[in-house]
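Engineer: Starting off with a structure, shown below.
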Amino acid sequence: MKKILVTGGAGFLGSHLCERLIANGDDVLCVDNFYTGSKKNIEHLISNPYFELMRHDITFPLYVEVNQIYNLACPASPVHYQFDPVQTTKTNVHGAINMLGLAKRIKARVLQASTSEVYGDPEMHPQREEYWGKVNPIGIRSCYDEGKRCAETLFFDYHRQHQLEIKVARIFNTYGPRMHPNDGRVVSNFIVQALQGQDITIYGKGEQTRSFCYVDDLIDGLIKLMNSQAEVTGPINIGNPVEMNMLQLAENVLRLTGSKSKLIFKPLPQDDPAQRRPDITLAGEKLGWKPKTNLEDGLAATVAYFRKALSA
Ligand SMILES: NC(=O)c1ccc[n+]([C@@H]2O[C@H](COP(=O)([O-])OP(=O)(O)OC[C@H]3O[C@@H](n4cnc5c(N)ncnc54)[C@H](O)[C@@H]3O)[C@@H](O)[C@H]2O)c1
């Protein structure tokens, strides 16, 4: 049995990861400061003897004994990470330093939840791992984008300088049950608006494209990466390459919810990327991973979750 630390374990992705690791027979220590996460996401795990919860902010050092560390702590949606941008940078940079320092002390393997945002508004499409990105260093998204880029730098410097076993996953848009209902991410936004009969907000003309990965597939990818051969450090894109524009997504949500909501159009936010799609060749080659859940099934499960959550 491995003892595994999951930072940000009470968040959307972290709670699914904790759940899966416990189901695999591991012993999980979930660390979270509840900035965007919630006890509700993990309440079904609290009484499990293989689950332990610690309230802690990873911008401060942590002393625990574990075999593996998944570093997921960081607010992920623009609404949340722009609320206190200095704290966002601190979580990304000081948090990474603290987790890398811990991994070095206890000789643990450490995985970083990086992001497709490191590619910024990409000139290369789809995005491959060797692309260096086009990121604004002083914009309102920079606390997140540059924070995550600096965290990647720290991971690779610890690897080169201290021979740490690192894994860097570049996560693309992921959706599923336990997303925050009001954090402005497009899938949850559209579903909540549709279920509540509100207008569906489309930014720009709705022609910008995204690709969406169902949470179960993403968690498979993270666990495969963590347990891959030591020389597989990443960065590795983990996401679903099926691309669609926002009008197509809205049509799917309206159909699956049976909603009569209307579409309304608002100006595009600053630095909003026009296109985003992962090239997942490397994940296929190194991890034997590819997403399995189609949008129809993933959206149906997410709609069912929000129907229940909104009526509770
Ligand atoms: N969901 C996605 O589509 C997506 C895409 C790319 C990258 N990611 C990355 O995956 C990770 C998890 O994302 P998510 O969607 O689950 O977001 P989330 O906001 O639901 O979860 C983040 C968790 O981290 C916790 N946290 C934040 N700051 C902390 C701190 N200083 N100390 C301890 N805990 C802290 C929050 O309370 C929350 O529980 C993040 O690092 C995010 O950048 C997510």
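Within each chain, counting starts at residue 1; across the structure tokens, chains are named A, B, ... in the order shown, with ligands numbered 1 upward in that order.
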Using only C-alpha atoms, which residues sit within 12 Å of region 248-259 of chain A once same-chain residues fewer than 4 positions away are excluded, as a PyMOL selection string?

Structural biologist: chain A and resi 186-203+205-212+242-244+263-264+295-307

Engineer: Pull the strand (DSSP E) assignments for region 149-252 of chain A out of DSSP run on the backbone, and list those residues as a PyMOL selection string.

Structural biologist: chain A and resi 166-171+174-175+200-203+209-211+213-214+236-238+243-245

Engineer: Only N, CA and C atoms, please: the residues just picked out, written as a PDB file, in the first residue's frame.

Structural biologist:
ATOM      1  N   ILE A 166      10.261  13.508 -11.071  1.00  0.00           N
ATOM      2  CA  ILE A 166       9.135  14.429 -11.305  1.00  0.00           C
ATOM      3  C   ILE A 166       8.261  13.951 -12.459  1.00  0.00           C
ATOM      4  N   LYS A 167       7.006  14.426 -12.433  1.00  0.00           N
ATOM      5  CA  LYS A 167       6.038  14.164 -13.495  1.00  0.00           C
ATOM      6  C   LYS A 167       5.255  15.456 -13.704  1.00  0.00           C
ATOM      7  N   VAL A 168       5.217  15.953 -14.918  1.00  0.00           N
ATOM      8  CA  VAL A 168       4.471  17.184 -15.181  1.00  0.00           C
ATOM      9  C   VAL A 168       3.361  16.897 -16.199  1.00  0.00           C
ATOM     10  N   ALA A 169       2.106  17.045 -15.728  1.00  0.00           N
ATOM     11  CA  ALA A 169       0.946  16.832 -16.603  1.00  0.00           C
ATOM     12  C   ALA A 169       0.403  18.189 -17.031  1.00  0.00           C
ATOM     13  N   ARG A 170       0.272  18.404 -18.335  1.00  0.00           N
ATOM     14  CA  ARG A 170      -0.402  19.633 -18.809  1.00  0.00           C
ATOM     15  C   ARG A 170      -1.859  19.281 -19.070  1.00  0.00           C
ATOM     16  N   ILE A 171      -2.680  19.685 -18.116  1.00  0.00           N
ATOM     17  CA  ILE A 171      -4.097  19.316 -18.149  1.00  0.00           C
ATOM     18  C   ILE A 171      -4.859  20.317 -19.019  1.00  0.00           C
ATOM     19  N   THR A 174     -11.155  20.217 -18.349  1.00  0.00           N
ATOM     20  CA  THR A 174     -11.773  18.990 -17.851  1.00  0.00           C
ATOM     21  C   THR A 174     -13.108  19.346 -17.216  1.00  0.00           C
ATOM     22  N   TYR A 175     -14.067  18.455 -17.371  1.00  0.00           N
ATOM     23  CA  TYR A 175     -15.400  18.719 -16.827  1.00  0.00           C
ATOM     24  C   TYR A 175     -15.940  17.456 -16.184  1.00  0.00           C
ATOM     25  N   ILE A 200     -28.186  31.762 -21.831  1.00  0.00           N
ATOM     26  CA  ILE A 200     -26.851  31.151 -21.880  1.00  0.00           C
ATOM     27  C   ILE A 200     -25.864  32.177 -22.438  1.00  0.00           C
ATOM     28  N   THR A 201     -24.802  32.457 -21.655  1.00  0.00           N
ATOM     29  CA  THR A 201     -23.875  33.532 -22.030  1.00  0.00           C
ATOM     30  C   THR A 201     -22.784  32.999 -22.948  1.00  0.00           C
ATOM     31  N   ILE A 202     -22.724  33.576 -24.134  1.00  0.00           N
ATOM     32  CA  ILE A 202     -21.660  33.218 -25.087  1.00  0.00           C
ATOM     33  C   ILE A 202     -20.741  34.437 -25.200  1.00  0.00           C
ATOM     34  N   TYR A 203     -19.441  34.221 -25.073  1.00  0.00           N
ATOM     35  CA  TYR A 203     -18.497  35.339 -25.216  1.00  0.00           C
ATOM     36  C   TYR A 203     -18.048  35.424 -26.664  1.00  0.00           C
ATOM     37  N   THR A 209     -12.802  27.842 -30.016  1.00  0.00           N
ATOM     38  CA  THR A 209     -12.960  26.398 -29.806  1.00  0.00           C
ATOM     39  C   THR A 209     -12.249  25.952 -28.526  1.00  0.00           C
ATOM     40  N   ARG A 210     -12.771  24.883 -27.956  1.00  0.00           N
ATOM     41  CA  ARG A 210     -12.144  24.223 -26.813  1.00  0.00           C
ATOM     42  C   ARG A 210     -12.345  22.719 -27.009  1.00  0.00           C
ATOM     43  N   SER A 211     -11.583  21.943 -26.245  1.00  0.00           N
ATOM     44  CA  SER A 211     -11.819  20.502 -26.245  1.00  0.00           C
ATOM     45  C   SER A 211     -11.970  20.105 -24.785  1.00  0.00           C
ATOM     46  N   CYS A 213     -12.327  17.231 -21.679  1.00  0.00           N
ATOM     47  CA  CYS A 213     -12.000  15.873 -21.240  1.00  0.00           C
ATOM     48  C   CYS A 213     -12.869  15.532 -20.026  1.00  0.00           C
ATOM     49  N   TYR A 214     -13.453  14.341 -20.029  1.00  0.00           N
ATOM     50  CA  TYR A 214     -14.259  13.934 -18.883  1.00  0.00           C
ATOM     51  C   TYR A 214     -13.328  13.577 -17.719  1.00  0.00           C
ATOM     52  N   ILE A 236       3.578  16.267 -20.288  1.00  0.00           N
ATOM     53  CA  ILE A 236       2.713  15.468 -21.163  1.00  0.00           C
ATOM     54  C   ILE A 236       1.314  16.070 -21.151  1.00  0.00           C
ATOM     55  N   ASN A 237       0.790  16.306 -22.348  1.00  0.00           N
ATOM     56  CA  ASN A 237      -0.589  16.796 -22.465  1.00  0.00           C
ATOM     57  C   ASN A 237      -1.566  15.694 -22.075  1.00  0.00           C
ATOM     58  N   ILE A 238      -2.530  16.047 -21.205  1.00  0.00           N
ATOM     59  CA  ILE A 238      -3.611  15.120 -20.887  1.00  0.00           C
ATOM     60  C   ILE A 238      -4.912  15.881 -21.155  1.00  0.00           C
ATOM     61  N   GLU A 243     -12.531  18.661 -30.710  1.00  0.00           N
ATOM     62  CA  GLU A 243     -12.649  20.114 -30.570  1.00  0.00           C
ATOM     63  C   GLU A 243     -14.051  20.572 -30.987  1.00  0.00           C
ATOM     64  N   MET A 244     -14.560  21.569 -30.305  1.00  0.00           N
ATOM     65  CA  MET A 244     -15.855  22.138 -30.747  1.00  0.00           C
ATOM     66  C   MET A 244     -15.892  23.610 -30.383  1.00  0.00           C
ATOM     67  N   ASN A 245     -16.784  24.355 -31.083  1.00  0.00           N
ATOM     68  CA  ASN A 245     -16.881  25.758 -30.688  1.00  0.00           C
ATOM     69  C   ASN A 245     -17.994  25.905 -29.640  1.00  0.00           C
TER      70      ASN A 245
END

Engineer: Residues of chain A that have any atom at most 8 Å from an atom of ligand 1: could you tabulate them with the shortest-distance atom pair and the distance in Å to one decimal, using only C-alpha atoms and all ligand atoms, ordered by chain and increasing number, as CSV?

Structural biologist:
residue,atom,partner,partner_atom_place_in_ligand_line,distance
A:Thr7,CA,ligand 1,34 (N),6.0
A:Gly8,CA,ligand 1,24 (O),3.4
A:Gly9,CA,ligand 1,39 (O),5.8
A:Ala10,CA,ligand 1,39 (O),4.2
A:Gly11,CA,ligand 1,39 (O),3.2
A:Phe12,CA,ligand 1,16 (O),3.7
A:Leu13,CA,ligand 1,16 (O),3.7
A:Gly14,CA,ligand 1,16 (O),5.4
A:Ser15,CA,ligand 1,16 (O),7.7
A:Val31,CA,ligand 1,33 (C),6.2
A:Asp32,CA,ligand 1,34 (N),3.7
A:Asn33,CA,ligand 1,33 (C),4.3
A:Phe34,CA,ligand 1,37 (O),3.5
A:Tyr35,CA,ligand 1,37 (O),3.7
A:Thr36,CA,ligand 1,37 (O),3.9
A:Gly37,CA,ligand 1,39 (O),3.0
A:Ser38,CA,ligand 1,39 (O),6.3
A:Arg55,CA,ligand 1,33 (C),7.6
A:His56,CA,ligand 1,33 (C),5.6
A:Asp57,CA,ligand 1,32 (N),3.4
A:Ile58,CA,ligand 1,32 (N),4.0
A:Thr59,CA,ligand 1,31 (N),5.3
A:Asn71,CA,ligand 1,41 (O),7.0
A:Leu72,CA,ligand 1,41 (O),4.1
A:Ala73,CA,ligand 1,24 (O),3.4
A:Cys74,CA,ligand 1,27 (C),3.9
A:Pro75,CA,ligand 1,19 (O),4.0
A:Ala76,CA,ligand 1,43 (O),4.4
A:Ser77,CA,ligand 1,19 (O),6.7
A:His80,CA,ligand 1,19 (O),7.5
A:Gln87,CA,ligand 1,31 (N),7.4
A:Thr88,CA,ligand 1,28 (N),7.2
A:Lys90,CA,ligand 1,31 (N),7.5
A:Thr91,CA,ligand 1,31 (N),4.6
A:Asn92,CA,ligand 1,31 (N),8.0
A:Gly95,CA,ligand 1,31 (N),6.7
A:Gln112,CA,ligand 1,41 (O),7.8
A:Ala113,CA,ligand 1,10 (O),5.0
A:Ser114,CA,ligand 1,7 (C),5.4
A:Thr115,CA,ligand 1,6 (C),4.1
A:Ser116,CA,ligand 1,6 (C),6.1
A:Glu117,CA,ligand 1,6 (C),7.2
A:Tyr144,CA,ligand 1,43 (O),7.7
A:Lys148,CA,ligand 1,43 (O),7.6
A:Arg170,CA,ligand 1,6 (C),6.8
A:Ile171,CA,ligand 1,6 (C),4.2
A:Phe172,CA,ligand 1,5 (C),4.9
A:Asn173,CA,ligand 1,3 (O),3.7
A:Thr174,CA,ligand 1,3 (O),3.7
A:Tyr175,CA,ligand 1,3 (O),6.3
A:Arg178,CA,ligand 1,20 (O),7.9
A:Met179,CA,ligand 1,20 (O),6.6
A:His180,CA,ligand 1,20 (O),6.8

Engineer: Go through region 108-129 of chain A and flag each residue having an atom no more than 6 Å from region 265-278 of chain A; for those, report the closest pair of atoms plus their distance in Å to one decimal, using only C-alpha atoms, ordered by chain and rising number, as a Markdown table.

Structural biologist:
| residue | atom | partner | partner_atom | distance |
| --- | --- | --- | --- | --- |
| A:Asp121 | CA | A:Pro273 | CA | 4.5 |
| A:Pro126 | CA | A:Arg277 | CA | 5.0 |
| A:Gln127 | CA | A:Pro278 | CA | 5.2 |

Engineer: Give me a file of those residues, with N, CA and C atoms, as a short mmCIF file (atom, residue, chain, number, x, y, z; two decimals), in the first residue's frame.

Structural biologist:
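Written output follows (out_12.cif):
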data_model
loop_
_atom_site.label_atom_id
_atom_site.label_comp_id
_atom_site.auth_asym_id
_atom_site.auth_seq_id
_atom_site.Cartn_x
_atom_site.Cartn_y
_atom_site.Cartn_z
N ASP A 121 -2.11 31.99 -25.70
CA ASP A 121 -2.96 32.08 -26.90
C ASP A 121 -2.11 31.50 -28.04
N PRO A 126 -2.88 21.70 -33.35
CA PRO A 126 -3.06 21.56 -31.91
C PRO A 126 -1.74 21.76 -31.18
N GLN A 127 -1.79 21.89 -29.85
CA GLN A 127 -0.59 22.18 -29.09
C GLN A 127 0.17 20.90 -28.76
#

Engineer: Closest to Gly25 (chain A) among A:Gly147, A:Gly184, A:Gly176, A:Pro49, using only C-alpha atoms?

Structural biologist: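 Answer, going by the shortest atom-to-atom distance: A:Pro49.
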
Engineer: Using DSSP secondary structure from the backbone, list all alpha helix (DSSP H) positions within region 19-83 of chain A, as a list in words.

Structural biologist: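 Here is the list: Glu19, Arg20, Leu21, Ile22, Ala23, Pro78, Val79, His80 and Tyr81 of chain A.
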
Engineer: Here is a test: counting only C-alpha atoms, which residue of A:Pro235, A:Pro241, A:Gly284, A:Pro177 is nearest to Trp132 (chain A)?

Structural biologist: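 Among A:Pro235, A:Pro241, A:Gly284, A:Pro177, it is A:Pro235 that comes nearest to Trp132 (chain A).
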
Engineer: Would you work out the distance separating CA of Gly139 (chain A) from CA of Phe156 (chain A), expressed in Å to one decimal?

Structural biologist: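 The value is 25.1 Å.
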